[in-house]
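Structure below is final_39.txt: compact mmCIF, N, CA and C atoms.
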# COMPACT_ATOMS: atom_id res chain seq x y z
N MET A 1 4.25 2.90 -15.64
CA MET A 1 3.93 1.65 -14.98
C MET A 1 5.20 0.87 -14.62
N ASN A 2 6.18 0.86 -15.53
CA ASN A 2 7.42 0.11 -15.27
C ASN A 2 8.18 0.69 -14.08
N ASP A 3 8.21 2.01 -13.95
CA ASP A 3 8.91 2.64 -12.84
C ASP A 3 8.25 2.26 -11.51
N CYS A 4 6.95 2.28 -11.49
CA CYS A 4 6.20 1.92 -10.28
C CYS A 4 6.45 0.46 -9.92
N MET A 5 6.41 -0.41 -10.92
CA MET A 5 6.65 -1.84 -10.69
C MET A 5 8.07 -2.06 -10.16
N HIS A 6 9.03 -1.36 -10.72
CA HIS A 6 10.42 -1.47 -10.28
C HIS A 6 10.55 -1.05 -8.81
N LYS A 7 9.93 0.06 -8.45
CA LYS A 7 10.02 0.57 -7.08
C LYS A 7 9.36 -0.39 -6.08
N ILE A 8 8.22 -0.92 -6.45
CA ILE A 8 7.50 -1.82 -5.54
C ILE A 8 8.26 -3.13 -5.35
N THR A 9 8.76 -3.71 -6.44
CA THR A 9 9.49 -4.97 -6.32
C THR A 9 10.79 -4.78 -5.55
N THR A 10 11.46 -3.67 -5.76
CA THR A 10 12.70 -3.39 -5.02
C THR A 10 12.40 -3.25 -3.53
N TRP A 11 11.35 -2.52 -3.20
CA TRP A 11 10.96 -2.34 -1.80
C TRP A 11 10.62 -3.68 -1.14
N LEU A 12 9.84 -4.52 -1.83
CA LEU A 12 9.46 -5.81 -1.27
C LEU A 12 10.69 -6.67 -0.96
N VAL A 13 11.64 -6.69 -1.89
CA VAL A 13 12.84 -7.51 -1.71
C VAL A 13 13.70 -6.97 -0.57
N LYS A 14 13.77 -5.66 -0.43
CA LYS A 14 14.55 -5.08 0.67
C LYS A 14 13.88 -5.33 2.02
N GLU A 15 12.56 -5.33 2.04
CA GLU A 15 11.80 -5.38 3.29
C GLU A 15 11.59 -6.80 3.84
N TYR A 16 11.49 -7.80 2.95
CA TYR A 16 11.10 -9.14 3.38
C TYR A 16 12.10 -10.20 2.94
N ILE A 17 12.21 -11.26 3.72
CA ILE A 17 13.08 -12.39 3.39
C ILE A 17 12.33 -13.37 2.50
N VAL A 18 11.07 -13.64 2.85
CA VAL A 18 10.21 -14.52 2.06
C VAL A 18 8.99 -13.71 1.64
N ILE A 19 8.66 -13.76 0.36
CA ILE A 19 7.52 -13.01 -0.18
C ILE A 19 6.55 -14.03 -0.76
N TYR A 20 5.33 -14.02 -0.27
CA TYR A 20 4.30 -14.94 -0.76
C TYR A 20 3.43 -14.20 -1.77
N VAL A 21 3.22 -14.82 -2.92
CA VAL A 21 2.38 -14.23 -3.96
C VAL A 21 1.31 -15.24 -4.35
N GLU A 22 0.13 -14.75 -4.56
CA GLU A 22 -0.98 -15.60 -4.96
C GLU A 22 -0.97 -15.77 -6.47
N TYR A 23 -1.09 -17.01 -6.92
CA TYR A 23 -1.16 -17.27 -8.35
C TYR A 23 -2.50 -16.74 -8.87
N LEU A 24 -2.46 -15.89 -9.87
CA LEU A 24 -3.67 -15.35 -10.47
C LEU A 24 -3.79 -15.86 -11.90
N ASN A 25 -4.91 -16.44 -12.22
CA ASN A 25 -5.16 -16.91 -13.57
C ASN A 25 -5.73 -15.73 -14.37
N VAL A 26 -4.84 -14.98 -14.99
CA VAL A 26 -5.23 -13.76 -15.69
C VAL A 26 -6.17 -14.07 -16.84
N LYS A 27 -5.90 -15.13 -17.57
CA LYS A 27 -6.75 -15.49 -18.70
C LYS A 27 -8.19 -15.71 -18.24
N GLU A 28 -8.34 -16.43 -17.14
CA GLU A 28 -9.67 -16.70 -16.59
C GLU A 28 -10.33 -15.42 -16.10
N MET A 29 -9.55 -14.55 -15.47
CA MET A 29 -10.10 -13.28 -14.98
C MET A 29 -10.66 -12.45 -16.13
N VAL A 30 -9.96 -12.43 -17.24
CA VAL A 30 -10.39 -11.64 -18.40
C VAL A 30 -11.60 -12.29 -19.06
N GLU A 31 -11.57 -13.61 -19.20
CA GLU A 31 -12.68 -14.31 -19.86
C GLU A 31 -13.98 -14.19 -19.08
N LYS A 32 -13.90 -14.24 -17.76
CA LYS A 32 -15.12 -14.23 -16.94
C LYS A 32 -15.69 -12.84 -16.72
N ASN A 33 -14.91 -11.82 -17.02
CA ASN A 33 -15.36 -10.46 -16.76
C ASN A 33 -16.08 -9.90 -17.97
N GLU A 34 -17.21 -9.25 -17.75
CA GLU A 34 -17.99 -8.72 -18.85
C GLU A 34 -17.64 -7.27 -19.18
N SER A 35 -17.00 -6.58 -18.29
CA SER A 35 -16.67 -5.18 -18.50
C SER A 35 -15.42 -5.05 -19.36
N LYS A 36 -15.56 -4.42 -20.51
CA LYS A 36 -14.43 -4.24 -21.42
C LYS A 36 -13.34 -3.39 -20.75
N MET A 37 -13.75 -2.37 -20.02
CA MET A 37 -12.79 -1.49 -19.37
C MET A 37 -11.99 -2.23 -18.30
N LEU A 38 -12.66 -3.05 -17.51
CA LEU A 38 -11.97 -3.82 -16.47
C LEU A 38 -11.02 -4.84 -17.09
N LYS A 39 -11.43 -5.45 -18.19
CA LYS A 39 -10.55 -6.38 -18.91
C LYS A 39 -9.27 -5.68 -19.34
N MET A 40 -9.40 -4.48 -19.85
CA MET A 40 -8.22 -3.72 -20.29
C MET A 40 -7.31 -3.41 -19.11
N HIS A 41 -7.89 -3.06 -17.98
CA HIS A 41 -7.09 -2.75 -16.79
C HIS A 41 -6.37 -4.00 -16.27
N ILE A 42 -7.06 -5.13 -16.28
CA ILE A 42 -6.45 -6.38 -15.82
C ILE A 42 -5.25 -6.72 -16.70
N LEU A 43 -5.40 -6.57 -18.00
CA LEU A 43 -4.31 -6.88 -18.92
C LEU A 43 -3.18 -5.86 -18.81
N TYR A 44 -3.51 -4.62 -18.53
CA TYR A 44 -2.51 -3.56 -18.43
C TYR A 44 -1.57 -3.77 -17.25
N VAL A 45 -2.08 -4.29 -16.17
CA VAL A 45 -1.29 -4.46 -14.96
C VAL A 45 -0.12 -5.42 -15.19
N ASP A 46 -0.30 -6.43 -15.98
CA ASP A 46 0.75 -7.39 -16.33
C ASP A 46 1.33 -8.09 -15.10
N PHE A 47 0.49 -8.92 -14.49
CA PHE A 47 0.87 -9.64 -13.27
C PHE A 47 2.11 -10.51 -13.49
N LEU A 48 2.19 -11.16 -14.64
CA LEU A 48 3.32 -12.06 -14.88
C LEU A 48 4.64 -11.30 -14.92
N LYS A 49 4.63 -10.12 -15.49
CA LYS A 49 5.85 -9.30 -15.52
C LYS A 49 6.26 -8.91 -14.10
N PHE A 50 5.27 -8.57 -13.28
CA PHE A 50 5.53 -8.21 -11.89
C PHE A 50 6.16 -9.37 -11.14
N ILE A 51 5.59 -10.56 -11.27
CA ILE A 51 6.10 -11.75 -10.58
C ILE A 51 7.50 -12.09 -11.08
N HIS A 52 7.72 -11.99 -12.38
CA HIS A 52 9.04 -12.28 -12.94
C HIS A 52 10.08 -11.32 -12.38
N GLN A 53 9.77 -10.04 -12.38
CA GLN A 53 10.69 -9.03 -11.88
C GLN A 53 10.96 -9.23 -10.39
N LEU A 54 9.92 -9.52 -9.64
CA LEU A 54 10.06 -9.77 -8.20
C LEU A 54 10.93 -11.00 -7.94
N SER A 55 10.70 -12.07 -8.67
CA SER A 55 11.46 -13.31 -8.50
C SER A 55 12.93 -13.10 -8.85
N TYR A 56 13.20 -12.39 -9.92
CA TYR A 56 14.57 -12.12 -10.34
C TYR A 56 15.33 -11.33 -9.27
N LYS A 57 14.71 -10.28 -8.77
CA LYS A 57 15.35 -9.45 -7.75
C LYS A 57 15.54 -10.22 -6.44
N ALA A 58 14.54 -11.01 -6.07
CA ALA A 58 14.64 -11.79 -4.84
C ALA A 58 15.77 -12.80 -4.93
N GLU A 59 15.88 -13.48 -6.05
CA GLU A 59 16.94 -14.47 -6.23
C GLU A 59 18.31 -13.80 -6.16
N SER A 60 18.44 -12.65 -6.77
CA SER A 60 19.72 -11.92 -6.74
C SER A 60 20.10 -11.49 -5.32
N ALA A 61 19.09 -11.23 -4.50
CA ALA A 61 19.33 -10.77 -3.13
C ALA A 61 19.35 -11.91 -2.11
N GLY A 62 19.20 -13.14 -2.59
CA GLY A 62 19.18 -14.28 -1.67
C GLY A 62 17.87 -14.42 -0.91
N LYS A 63 16.81 -13.84 -1.44
CA LYS A 63 15.48 -13.93 -0.82
C LYS A 63 14.65 -14.96 -1.58
N MET A 64 13.42 -15.21 -1.12
CA MET A 64 12.60 -16.24 -1.73
C MET A 64 11.19 -15.72 -2.04
N VAL A 65 10.68 -16.09 -3.21
CA VAL A 65 9.30 -15.81 -3.59
C VAL A 65 8.58 -17.14 -3.64
N VAL A 66 7.46 -17.24 -2.91
CA VAL A 66 6.68 -18.48 -2.83
C VAL A 66 5.31 -18.24 -3.44
N ASN A 67 4.96 -19.07 -4.43
CA ASN A 67 3.63 -18.99 -5.03
C ASN A 67 2.64 -19.77 -4.19
N VAL A 68 1.49 -19.18 -3.90
CA VAL A 68 0.44 -19.87 -3.15
C VAL A 68 -0.83 -19.90 -4.00
N SER A 69 -1.61 -20.91 -3.77
CA SER A 69 -2.86 -21.08 -4.50
C SER A 69 -3.93 -20.18 -3.92
N PRO A 70 -4.78 -19.59 -4.75
CA PRO A 70 -5.87 -18.77 -4.23
C PRO A 70 -6.91 -19.58 -3.48
N ARG A 71 -6.87 -20.90 -3.64
CA ARG A 71 -7.84 -21.77 -2.97
C ARG A 71 -7.26 -22.49 -1.75
N ASN A 72 -6.09 -22.08 -1.31
CA ASN A 72 -5.40 -22.66 -0.14
C ASN A 72 -5.10 -24.14 -0.28
N ASN A 73 -4.99 -24.66 -1.49
CA ASN A 73 -4.59 -26.06 -1.64
C ASN A 73 -3.18 -26.08 -2.22
N PHE A 74 -2.23 -26.37 -1.36
CA PHE A 74 -0.82 -26.31 -1.72
C PHE A 74 -0.44 -27.52 -2.47
Representation of the structure as structure tokens:
Amino acid sequence: MNDCMHKITTWLVKEYIVIYVEYLNVKEMVEKNESKMLKMHILYVDFLKFIHQLSYKAESAGKMVVNVSPRNNF
């Protein structure tokens, strides 16, 4: 999973100047879901680690990561 995350974040930073990411409330996603298997998959993905890695690489490359609300209220 880490290798895949590294490759995707590196590609995004190389490809785009500004990267928009939607804020996901992982805790709420897990609490509202009744499927134990889906809960495990949601937690496994580790969205926060992905965003952190993407932000770090973007900052190092002089690029920007912008968080957007899932409800379009900025």
* Asked: Could you state the separation of CA of Thr9 in chain A and CA of Leu54 in chain A in Å, given to one decimal place?
  -> 5.2 Å
* Just the residues within 7 Å of Glu22 in chain A, please, counting only C-alpha atoms, with nothing from its chain fewer than 5 positions along; format it as number ranges by chain. => A: 67-70
* In Å, with one decimal, what is the gap from CA of Glu28 in chain A to atom N of His6 in chain A? ->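 Interatomic distance here is 24.9 Å.
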* To do: Name the residues in contact with Tyr56 in chain A at a cut-off of 12 Å, using only C-alpha atoms, excluding same-chain residues fewer than 5 positions from it; report them as a PyMOL selection string.
  => chain A and resi 6+9-10+13+49-51+61-65
* Asked: In terms of the shortest atom-to-atom distance over only C-alpha atoms, which of A:Lys7, A:Leu24, A:Val18, A:Ser35 is closest to Arg71 in chain A?
  -> A:Leu24
* Asked: Do you have the atom N of Val66 in chain A-CA of Tyr23 in chain A distance handy?
  ->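 Rounded to one decimal, the two atoms are 10.2 Å apart.
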Protein and nucleic acid residues near (-5.7, -11.3, -20.3) (cut-off 6 Å, all atoms listed in the file) as an mmCIF file with N, CA and C atoms, in the coordinates of the input:
data_model
loop_
_atom_site.group_PDB
_atom_site.id
_atom_site.type_symbol
_atom_site.label_atom_id
_atom_site.label_comp_id
_atom_site.auth_asym_id
_atom_site.auth_seq_id
_atom_site.Cartn_x
_atom_site.Cartn_y
_atom_site.Cartn_z
ATOM 1 N N VAL A 26 -4.840 -14.980 -14.990
ATOM 2 C CA VAL A 26 -5.230 -13.760 -15.690
ATOM 3 C C VAL A 26 -6.170 -14.070 -16.840
ATOM 4 N N LYS A 27 -5.900 -15.130 -17.570
ATOM 5 C CA LYS A 27 -6.750 -15.490 -18.700
ATOM 6 C C LYS A 27 -8.190 -15.710 -18.240
ATOM 7 N N VAL A 30 -9.960 -12.430 -17.240
ATOM 8 C CA VAL A 30 -10.390 -11.640 -18.400
ATOM 9 C C VAL A 30 -11.600 -12.290 -19.060
ATOM 10 N N ILE A 42 -7.060 -5.130 -16.280
ATOM 11 C CA ILE A 42 -6.450 -6.380 -15.820
ATOM 12 C C ILE A 42 -5.250 -6.720 -16.700
ATOM 13 N N LEU A 43 -5.400 -6.570 -18.000
ATOM 14 C CA LEU A 43 -4.310 -6.880 -18.920
ATOM 15 C C LEU A 43 -3.180 -5.860 -18.810
#
* To do: Give me every helix (DSSP H, G or I) residue in chain A, going by DSSP on the backbone, as a PyMOL selection string.
  => chain A and resi 2-15+26-32+36-45+47-60
* strand (DSSP E or B) per DSSP on the backbone: members of chain A, as a PyMOL selection string -> chain A and resi 18-22+64-68
* To do: May I have the residues within 10 Å of Val45 in chain A as a list in words, using only C-alpha atoms and disregarding those fewer than 5 positions away in the same chain?
  =>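 Counting only C-alpha atoms, the residues come to Met1, Asn2, Met5, Met40 and Phe50 of chain A.
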What would the file look like if the residues just selected were written as a PDB file, keeping the file's coordinate frame with N, CA and C atoms?
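Wrote it out as result.pdb, contents follow:
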ATOM      1  N   MET A   1       4.250   2.900 -15.640  1.00  0.00           N
ATOM      2  CA  MET A   1       3.930   1.650 -14.980  1.00  0.00           C
ATOM      3  C   MET A   1       5.200   0.870 -14.620  1.00  0.00           C
ATOM      4  N   ASN A   2       6.180   0.860 -15.530  1.00  0.00           N
ATOM      5  CA  ASN A   2       7.420   0.110 -15.270  1.00  0.00           C
ATOM      6  C   ASN A   2       8.180   0.690 -14.080  1.00  0.00           C
ATOM      7  N   MET A   5       6.410  -0.410 -10.920  1.00  0.00           N
ATOM      8  CA  MET A   5       6.650  -1.840 -10.690  1.00  0.00           C
ATOM      9  C   MET A   5       8.070  -2.060 -10.160  1.00  0.00           C
ATOM     10  N   MET A  40      -9.400  -4.480 -19.850  1.00  0.00           N
ATOM     11  CA  MET A  40      -8.220  -3.720 -20.290  1.00  0.00           C
ATOM     12  C   MET A  40      -7.310  -3.410 -19.110  1.00  0.00           C
ATOM     13  N   PHE A  50       5.270  -8.570 -13.280  1.00  0.00           N
ATOM     14  CA  PHE A  50       5.530  -8.210 -11.890  1.00  0.00           C
ATOM     15  C   PHE A  50       6.160  -9.370 -11.140  1.00  0.00           C
TER      16      PHE A  50
END
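When only C-alpha atoms are used to measure the gap to Asn25 in chain A, the shortest distance among A:Cys4, A:Leu12, A:Leu38, A:Leu48 belongs to A:Leu48.
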